[in-house]
file structure_5.cif (mmCIF, C-alpha atoms)
data_query
loop_
_atom_site.label_atom_id
_atom_site.label_comp_id
_atom_site.auth_asym_id
_atom_site.auth_seq_id
_atom_site.Cartn_x
_atom_site.Cartn_y
_atom_site.Cartn_z
CA MET K 1167 17.02 -103.38 7.10
CA ILE K 1168 14.14 -101.66 8.81
CA LYS K 1169 11.28 -100.83 6.51
CA ARG K 1170 9.89 -97.38 7.19
CA PRO K 1171 6.09 -96.95 7.08
CA THR K 1172 4.83 -95.12 4.06
CA TYR K 1173 2.63 -92.06 4.36
CA GLU K 1174 -0.35 -94.13 3.24
CA ASN K 1175 0.31 -96.74 5.95
CA MET K 1176 0.57 -94.04 8.62
CA VAL K 1177 -2.73 -92.54 7.54
CA GLN K 1178 -4.40 -95.95 7.67
CA ARG K 1179 -3.03 -96.60 11.18
CA ILE K 1180 -4.18 -93.21 12.44
CA GLY K 1181 -7.57 -93.85 10.90
CA ARG K 1182 -7.91 -97.20 12.64
CA ALA K 1183 -6.84 -95.66 15.97
CA SER K 1184 -9.40 -92.89 15.55
CA LEU K 1185 -12.13 -95.46 14.93
CA LEU K 1186 -11.15 -97.29 18.13
CA VAL K 1187 -11.28 -94.07 20.16
CA ALA K 1188 -14.65 -93.20 18.64
CA PHE K 1189 -15.92 -96.69 19.47
CA PHE K 1190 -15.07 -96.41 23.19
CA LEU K 1191 -16.33 -92.84 23.67
CA PRO K 1192 -20.13 -92.38 23.97
CA VAL K 1193 -21.46 -90.49 20.98
CA GLY K 1194 -22.63 -87.04 21.99
CA ALA K 1195 -21.50 -87.48 25.62
CA GLN K 1196 -22.12 -84.35 27.64
CA ALA K 1197 -19.86 -83.65 30.62
CA ALA K 1198 -22.33 -82.88 33.41
CA THR K 1199 -19.99 -80.62 35.32
CA SER K 1200 -19.89 -76.91 35.96
CA GLU K 1201 -16.82 -74.77 35.52
CA TRP K 1202 -14.49 -74.67 38.53
CA MET K 1203 -14.96 -71.73 40.88
CA THR K 1204 -11.47 -70.87 42.14
CA SER K 1205 -10.20 -69.29 45.34
CA THR K 1206 -6.87 -68.91 47.12
CA GLY K 1207 -7.23 -72.24 48.92
CA GLY K 1208 -8.87 -74.43 46.30
CA MET K 1209 -11.63 -74.92 43.74
CA VAL K 1210 -15.34 -75.80 43.83
CA ARG K 1211 -17.66 -77.24 41.17
CA LEU K 1212 -20.93 -79.12 40.63
CA VAL K 1213 -21.21 -82.59 39.07
CA ALA K 1214 -24.61 -84.01 38.11
CA ALA K 1215 -26.14 -87.07 36.45
CA PRO K 1216 -29.29 -87.17 34.26
CA PRO K 1217 -32.65 -87.16 36.07
CA GLN K 1218 -34.06 -90.50 37.19
CA GLN K 1219 -37.67 -91.52 36.46
CA ASP K 1220 -38.95 -89.89 39.67
CA GLY K 1221 -37.18 -86.63 38.84
CA THR K 1222 -34.30 -87.16 41.29
CA ILE K 1223 -30.98 -85.77 40.04
CA PRO K 1224 -27.89 -87.30 41.72
CA ALA K 1225 -25.17 -84.68 42.11
CA THR K 1226 -22.18 -83.62 44.18
CA LEU K 1227 -20.52 -80.43 45.26
CA GLU K 1228 -16.79 -81.08 44.82
CA VAL K 1229 -14.29 -79.11 46.89
CA LYS K 1230 -10.69 -79.51 45.75
CA LEU K 1231 -8.38 -78.20 48.47
CA ASN K 1232 -4.83 -76.98 48.07
CA PRO K 1233 -2.26 -78.55 50.46
CA GLY K 1234 -2.56 -77.17 53.99
CA TRP K 1235 -6.11 -75.86 53.52
CA LYS K 1236 -9.34 -77.07 55.17
CA THR K 1237 -13.09 -76.73 54.76
CA TYR K 1238 -16.00 -77.31 57.15
CA TRP K 1239 -18.63 -79.86 58.18
CA ARG K 1240 -22.36 -79.13 58.66
CA GLU K 1241 -21.65 -78.00 62.26
CA PRO K 1242 -18.20 -76.42 61.97
CA GLY K 1243 -17.78 -74.82 65.38
CA ALA K 1244 -17.81 -71.23 66.56
CA SER K 1245 -15.99 -69.63 63.63
CA GLY K 1246 -16.47 -71.92 60.63
CA ILE K 1247 -18.69 -71.60 57.57
CA PRO K 1248 -20.56 -74.79 56.52
CA PRO K 1249 -21.37 -75.39 52.83
CA GLN K 1250 -24.54 -73.59 51.78
CA ILE K 1251 -26.25 -74.10 48.41
CA THR K 1252 -29.24 -72.20 47.03
CA LEU K 1253 -30.78 -73.19 43.70
CA ASP K 1254 -32.47 -70.83 41.27
CA PRO K 1255 -36.17 -71.84 41.60
CA THR K 1256 -37.04 -70.66 38.10
CA GLU K 1257 -35.20 -73.66 36.62
CA GLY K 1258 -37.61 -76.12 38.29
CA VAL K 1259 -34.93 -77.91 40.35
CA VAL K 1260 -34.90 -78.01 44.17
CA LEU K 1261 -32.36 -79.23 46.72
CA ASP K 1262 -33.69 -81.98 48.98
CA LYS K 1263 -30.57 -82.88 50.94
CA ILE K 1264 -26.83 -82.38 51.38
CA GLY K 1265 -24.80 -85.38 52.52
CA PHE K 1266 -21.64 -85.05 54.63
CA PRO K 1267 -18.79 -87.58 54.87
CA VAL K 1268 -17.48 -88.17 58.38
CA PRO K 1269 -15.27 -85.18 59.34
CA LYS K 1270 -12.29 -84.63 61.66
CA THR K 1271 -11.83 -82.47 64.74
CA PHE K 1272 -9.16 -79.77 64.61
CA ASP K 1273 -7.90 -78.12 67.78
CA ASP K 1274 -4.75 -75.99 67.88
CA GLY K 1275 -5.31 -74.93 71.48
CA VAL K 1276 -7.04 -71.73 70.44
CA VAL K 1277 -9.62 -72.70 67.83
CA HIS K 1278 -11.76 -75.86 67.88
CA TYR K 1279 -13.62 -76.74 64.70
CA VAL K 1280 -14.84 -79.68 62.63
CA GLY K 1281 -14.19 -80.26 58.96
CA TYR K 1282 -11.92 -81.74 56.30
CA ASP K 1283 -8.24 -81.30 55.49
CA LYS K 1284 -8.41 -83.16 52.18
CA SER K 1285 -10.47 -82.64 49.03
CA VAL K 1286 -14.06 -83.70 49.66
CA ALA K 1287 -17.31 -84.23 47.74
CA PHE K 1288 -20.71 -83.53 49.31
CA PRO K 1289 -23.47 -85.65 47.72
CA LEU K 1290 -26.54 -83.62 46.75
CA THR K 1291 -30.06 -84.92 46.27
CA LEU K 1292 -31.69 -82.63 43.72
CA LYS K 1293 -35.16 -83.02 42.26
CA ARG K 1294 -36.85 -81.68 39.18
CA VAL K 1295 -40.30 -80.47 40.17
CA HIS K 1296 -41.45 -79.01 36.86
CA GLY K 1297 -40.36 -78.54 33.27
CA ASP K 1298 -39.15 -80.93 30.56
CA GLY K 1299 -36.34 -81.14 28.05
CA ASP K 1300 -32.87 -79.99 29.06
CA VAL K 1301 -32.21 -79.47 32.77
CA ASN K 1302 -30.48 -76.26 33.78
CA ILE K 1303 -29.00 -76.10 37.27
CA ARG K 1304 -28.00 -72.70 38.61
CA ALA K 1305 -26.65 -72.70 42.15
CA SER K 1306 -25.38 -70.01 44.48
CA VAL K 1307 -22.67 -71.51 46.70
CA PHE K 1308 -21.21 -70.17 49.93
CA LEU K 1309 -18.61 -71.99 52.04
CA GLY K 1310 -15.43 -71.41 54.00
CA ILE K 1311 -11.92 -72.54 53.11
CA CYS K 1312 -9.21 -71.85 55.67
CA GLU K 1313 -5.48 -72.10 56.28
CA ASP K 1314 -4.40 -69.76 59.07
CA ILE K 1315 -7.52 -67.67 58.48
CA CYS K 1316 -10.89 -68.53 56.97
CA ILE K 1317 -11.67 -67.21 53.50
CA PRO K 1318 -15.36 -67.13 52.49
CA VAL K 1319 -15.88 -68.53 49.00
CA GLN K 1320 -19.02 -67.33 47.24
CA GLY K 1321 -20.20 -67.55 43.66
CA LYS K 1322 -22.52 -69.15 41.12
CA LEU K 1323 -22.17 -72.56 39.50
CA GLU K 1324 -24.13 -73.62 36.42
CA LEU K 1325 -24.47 -76.74 34.31
CA THR K 1326 -26.90 -78.18 31.77
CA LEU K 1327 -28.04 -81.79 31.45
CA LYS K 1328 -29.05 -82.19 27.81
CA GLN K 1329 -31.97 -84.50 27.12
CA GLY K 1330 -31.03 -87.57 25.08
CA ASP K 1331 -27.30 -87.40 25.74
CA PHE K 1332 -25.46 -90.40 27.13
CA ASP K 1333 -24.49 -90.35 30.77
CA ASN K 1334 -20.81 -89.62 31.29
CA PRO K 1335 -19.41 -92.65 33.20
CA LEU K 1336 -16.71 -90.56 34.89
CA ASP K 1337 -19.32 -88.19 36.32
CA ALA K 1338 -21.44 -91.12 37.50
CA ALA K 1339 -18.37 -92.67 39.18
CA ARG K 1340 -17.63 -89.41 41.00
CA ILE K 1341 -21.18 -89.27 42.33
CA ASP K 1342 -21.20 -92.96 43.31
CA GLY K 1343 -17.89 -92.53 45.11
CA ALA K 1344 -19.18 -89.54 47.08
CA VAL K 1345 -22.30 -91.45 48.16
CA ALA K 1346 -20.22 -94.50 49.15
CA ALA K 1347 -18.10 -92.28 51.43
CA LEU K 1348 -21.12 -91.26 53.54
CA PRO K 1349 -21.61 -92.76 57.02
CA GLU K 1350 -23.59 -95.98 57.13
CA ALA K 1351 -27.05 -96.33 58.66
CA PRO K 1352 -27.39 -97.79 62.20
CA SER K 1353 -27.19 -101.58 62.48
CA GLU K 1354 -27.30 -104.16 65.25
CA GLU K 1355 -23.53 -103.97 65.67
CA PHE K 1356 -23.18 -100.20 65.27
CA LYS K 1357 -25.89 -98.08 66.87
CA VAL K 1358 -27.01 -95.79 69.70
CA THR K 1359 -28.46 -97.84 72.54
CA THR K 1360 -29.47 -94.94 74.83
CA ALA K 1361 -29.72 -91.18 74.33
CA VAL K 1362 -30.80 -88.89 77.18
CA TYR K 1363 -30.80 -85.12 77.57
CA ASP K 1364 -30.06 -84.10 81.15
CA GLU K 1365 -31.45 -80.59 81.67
CA GLN K 1366 -29.75 -80.20 85.05
CA LYS K 1367 -26.30 -80.91 83.61
CA ALA K 1368 -27.13 -79.31 80.22
CA ALA K 1369 -25.63 -82.34 78.51
CA VAL K 1370 -26.54 -85.19 76.19
CA GLU K 1371 -25.61 -88.62 77.55
CA LEU K 1372 -25.10 -91.38 74.98
CA THR K 1373 -24.38 -95.09 75.05
CA LEU K 1374 -23.21 -96.62 71.78
CA GLN K 1375 -22.64 -100.12 70.48
CA LEU K 1376 -19.51 -100.00 68.29
CA PRO K 1377 -18.52 -102.64 65.74
CA PRO K 1378 -16.80 -105.51 67.60
CA ASP K 1379 -13.69 -105.28 65.41
CA ARG K 1380 -13.46 -101.50 65.87
CA GLY K 1381 -14.16 -101.10 69.58
CA SER K 1382 -10.63 -99.98 70.46
CA ASP K 1383 -9.84 -98.02 67.28
CA HIS K 1384 -9.86 -94.26 66.90
CA ARG K 1385 -13.30 -92.94 67.86
CA GLU K 1386 -14.92 -89.55 67.41
CA LEU K 1387 -18.43 -88.20 67.95
CA PHE K 1388 -19.95 -85.23 66.13
CA LEU K 1389 -23.34 -83.64 66.83
CA ALA K 1390 -25.28 -81.06 64.83
CA GLY K 1391 -28.59 -79.49 65.80
CA PRO K 1392 -30.96 -76.82 64.54
CA SER K 1393 -30.41 -73.09 64.89
CA GLY K 1394 -29.99 -72.06 68.52
CA VAL K 1395 -28.42 -75.38 69.58
CA ALA K 1396 -24.65 -75.85 69.92
CA PHE K 1397 -22.59 -78.72 71.30
CA GLY K 1398 -19.31 -78.76 73.21
CA LYS K 1399 -16.49 -81.25 72.91
CA PRO K 1400 -17.69 -84.83 73.63
CA VAL K 1401 -16.19 -86.46 76.74
CA VAL K 1402 -15.92 -90.25 76.82
CA THR K 1403 -16.99 -91.33 80.31
CA GLN K 1404 -16.65 -95.10 79.96
CA THR K 1405 -15.55 -97.78 77.51
CA SER K 1406 -16.09 -101.50 77.89
CA GLY K 1407 -15.29 -103.69 74.93
CA ALA K 1408 -17.35 -102.41 72.04
CA GLU K 1409 -19.57 -100.22 74.26
CA LEU K 1410 -18.88 -96.51 74.62
CA ARG K 1411 -20.51 -93.94 76.88
CA ALA K 1412 -20.09 -90.24 76.30
CA GLU K 1413 -21.33 -86.90 77.60
CA ILE K 1414 -21.70 -83.88 75.33
CA PRO K 1415 -22.28 -80.36 76.72
CA VAL K 1416 -25.23 -78.48 75.20
CA ARG K 1417 -25.56 -74.72 74.78
CA LEU K 1418 -29.01 -73.37 74.02
CA SER K 1419 -29.48 -69.86 72.65
CA ALA K 1420 -32.99 -70.29 71.25
CA LYS K 1421 -35.88 -68.56 73.02
CA ASP K 1422 -37.42 -71.77 74.34
CA LYS K 1423 -34.14 -72.99 75.90
CA THR K 1424 -34.91 -76.67 75.40
CA LEU K 1425 -33.67 -79.58 73.31
CA LYS K 1426 -36.95 -81.46 73.49
CA GLY K 1427 -38.57 -82.07 70.13
CA LYS K 1428 -35.54 -80.85 68.18
CA PRO K 1429 -33.75 -83.26 65.82
CA VAL K 1430 -30.04 -83.76 66.45
CA ILE K 1431 -27.78 -85.47 63.91
CA LEU K 1432 -25.13 -87.74 65.42
CA THR K 1433 -22.15 -88.96 63.38
CA VAL K 1434 -19.76 -91.52 64.89
CA ARG K 1435 -16.34 -92.58 63.64
CA ALA K 1436 -14.96 -95.95 64.78
CA GLY K 1437 -11.74 -96.77 62.99
CA GLU K 1438 -12.41 -96.98 59.26
CA ARG K 1439 -16.18 -97.17 59.72
CA SER K 1440 -18.68 -94.42 60.44
CA MET K 1441 -22.38 -94.28 61.27
CA GLU K 1442 -24.98 -91.52 61.25
CA THR K 1443 -28.40 -91.30 62.86
CA THR K 1444 -30.92 -88.70 64.04
CA LEU K 1445 -31.63 -88.38 67.77
CA ALA K 1446 -34.93 -87.16 69.22
CA PHE K 1447 -35.41 -86.16 72.84
CA ASP K 1448 -38.86 -86.20 74.51
#

call {"tool": "encode", "arguments": {"input": "structure_5.cif", "output": "structure tokens"}}
result
Amino acid sequence: MIKRPTYENMVQRIGRASLLVAFFLPVGAQAATSEWMTSTGGMVRLVAAPPQQDGTIPATLEVKLNPGWKTYWREPGASGIPPQITLDPTEGVVLDKIGFPVPKTFDDGVVHYVGYDKSVAFPLTLKRVHGDGDVNIRASVFLGICEDICIPVQGKLELTLKQGDFDNPLDAARIDGAVAALPEAPSEEFKVTTAVYDEQKAAVELTLQLPPDRGSDHRELFLAGPSGVAFGKPVVTQTSGAELRAEIPVRLSAKDKTLKGKPVILTVRAGERSMETTLAFD
């Protein structure tokens, strides 16, 4: 004979379960996320962690894409819209940097652009420059999400980091994951060995040392420069073991018509690894 639990026993069990849930959840935890901003092709939101001692606020801009939709890298190509974020200066928070995971090249024979075809998170380095107490972040966001056509997504995202609240571990994990997905810094086994700008050919010529275990894997190069500088499709001119040589056409529309003295960001994919560095041409 099965003995059914009495009402009193059920109440006691529910009470014990509630105590366990309360024990594992941080008291007063504040979800440091904005509301989702929705569009036809996906959703966008901000995630942030409490300020560090130096005022730095780790954060991400999350872009959740619907199947078949894409969004853009920092240098998207002729028709793309890269992510743009402007913070309300009255809240005492500024944007120092936007990080970009390694992208992909898309080319359907008509349009050539660079971006992402899966949901992506862009790490943000924010900094509190004045004020105390709660931190209010108000951001105007503008980016492109495309399927067959590109749809501009524009709106405002807001969140508040309340002083004294516990950090939400899920938010921290999202931010840590986004930072971990960024390209690595140059190293002895993965670096640019030569970088020359040939004015006669209007091209950047690069020699790279690729990781020895990734020398023959899928490789892609991406370049991004300041306003007035655009780059064509990289052409690999030679490969030998883990060494790669490439030539990248340069189009200059700035008044001075030169690449000298202008920083150029290079991102390299080699198999599952990626590296990013800044080039300078004398």

call {"tool": "closest_residue", "arguments": {"input": "structure_5.cif", "among": "K:Gly1437, K:Pro1352, K:Pro1400, K:Pro1429", "to": "His1384 (chain K)", "atoms": "all atoms listed in the file"}}
result
K:Gly1437

call {"tool": "atom_distance", "arguments": {"input": "structure_5.cif", "atom1": "CA of Phe1388 (chain K)", "atom2": "CA of Val1434 (chain K)"}}
result
6.4 Å

call {"tool": "residues_around", "arguments": {"input": "structure_5.cif", "residues": "Lys1426 (chain K)", "least_positions_apart": "6", "cutoff": "9 Å", "atoms": "only C-alpha atoms", "output": "list of chain:residue names"}}
result
K:Tyr1363, K:Ala1446, K:Phe1447, K:Asp1448

call {"tool": "resolve_selection", "arguments": {"input": "structure_5.cif", "expression": "the PyMOL selection byres ((chain K and resi 1293) around 9)", "output": "JSON, numbers by chain"}}
result
{"K": [1217, 1220, 1221, 1222, 1223, 1224, 1258, 1259, 1260, 1261, 1262, 1291, 1292, 1294, 1295]}

call {"tool": "closest_residue", "arguments": {"input": "structure_5.cif", "among": "K:Asp1379, K:Glu1354, K:Glu1413, K:Asp1422", "to": "Gly1394 (chain K)", "atoms": "only C-alpha atoms"}}
result
K:Asp1422

call {"tool": "resolve_selection", "arguments": {"input": "structure_5.cif", "expression": "the PyMOL selection byres ((chain K and resi 1285) around 9)", "output": "ChimeraX atom specification"}}
result
/K:1208,1228-1232,1236-1237,1282-1284,1286-1287

call {"tool": "resolve_selection", "arguments": {"input": "structure_5.cif", "expression": "the PyMOL selection byres ((chain K and resi 1311) around 7)", "output": "ChimeraX atom specification"}}
result
/K:1207,1235-1237,1309-1310,1312,1316-1319

call {"tool": "residues_near_point", "arguments": {"input": "structure_5.cif", "point": "(-27.7, -82.0, 51.9)", "cutoff": "8 Å", "atoms": "all atoms listed in the file", "output": "list of chain:residue names"}}
result
K:Leu1261, K:Asp1262, K:Lys1263, K:Ile1264, K:Gly1265, K:Phe1266, K:Phe1288, K:Pro1289, K:Leu1290, K:Thr1291

call {"tool": "residues_near_point", "arguments": {"input": "structure_5.cif", "point": "(-24.9, -87.0, 76.6)", "cutoff": "10 Å", "atoms": "only C-alpha atoms", "output": "list in words"}}
result
Thr1360, Ala1361, Val1362, Tyr1363, Asp1364, Lys1367, Ala1368, Ala1369, Val1370, Glu1371, Leu1372, Thr1373, Pro1400, Val1401, Val1402, Thr1403, Arg1411, Ala1412, Glu1413, Ile1414, Pro1415 and Val1416 of chain K

call {"tool": "residues_around", "arguments": {"input": "structure_5.cif", "residues": "Ser1200 (chain K)", "least_positions_apart": "3", "cutoff": "6 Å", "atoms": "only C-alpha atoms", "output": "PyMOL selection string"}}
result
chain K and resi 1211-1212+1324-1325

call {"tool": "closest_residue", "arguments": {"input": "structure_5.cif", "among": "K:Asp1274, K:Glu1241, K:Asp1342, K:Asp1337", "to": "Ala1198 (chain K)", "atoms": "only C-alpha atoms"}}
result
K:Asp1337

call {"tool": "atom_distance", "arguments": {"input": "structure_5.cif", "atom1": "CA of Pro1233 (chain K)", "atom2": "CA of Glu1350 (chain K)"}}
result
28.3 Å

call {"tool": "atom_distance", "arguments": {"input": "structure_5.cif", "atom1": "CA of Ser1440 (chain K)", "atom2": "CA of Ala1244 (chain K)"}}
result
24.0 Å
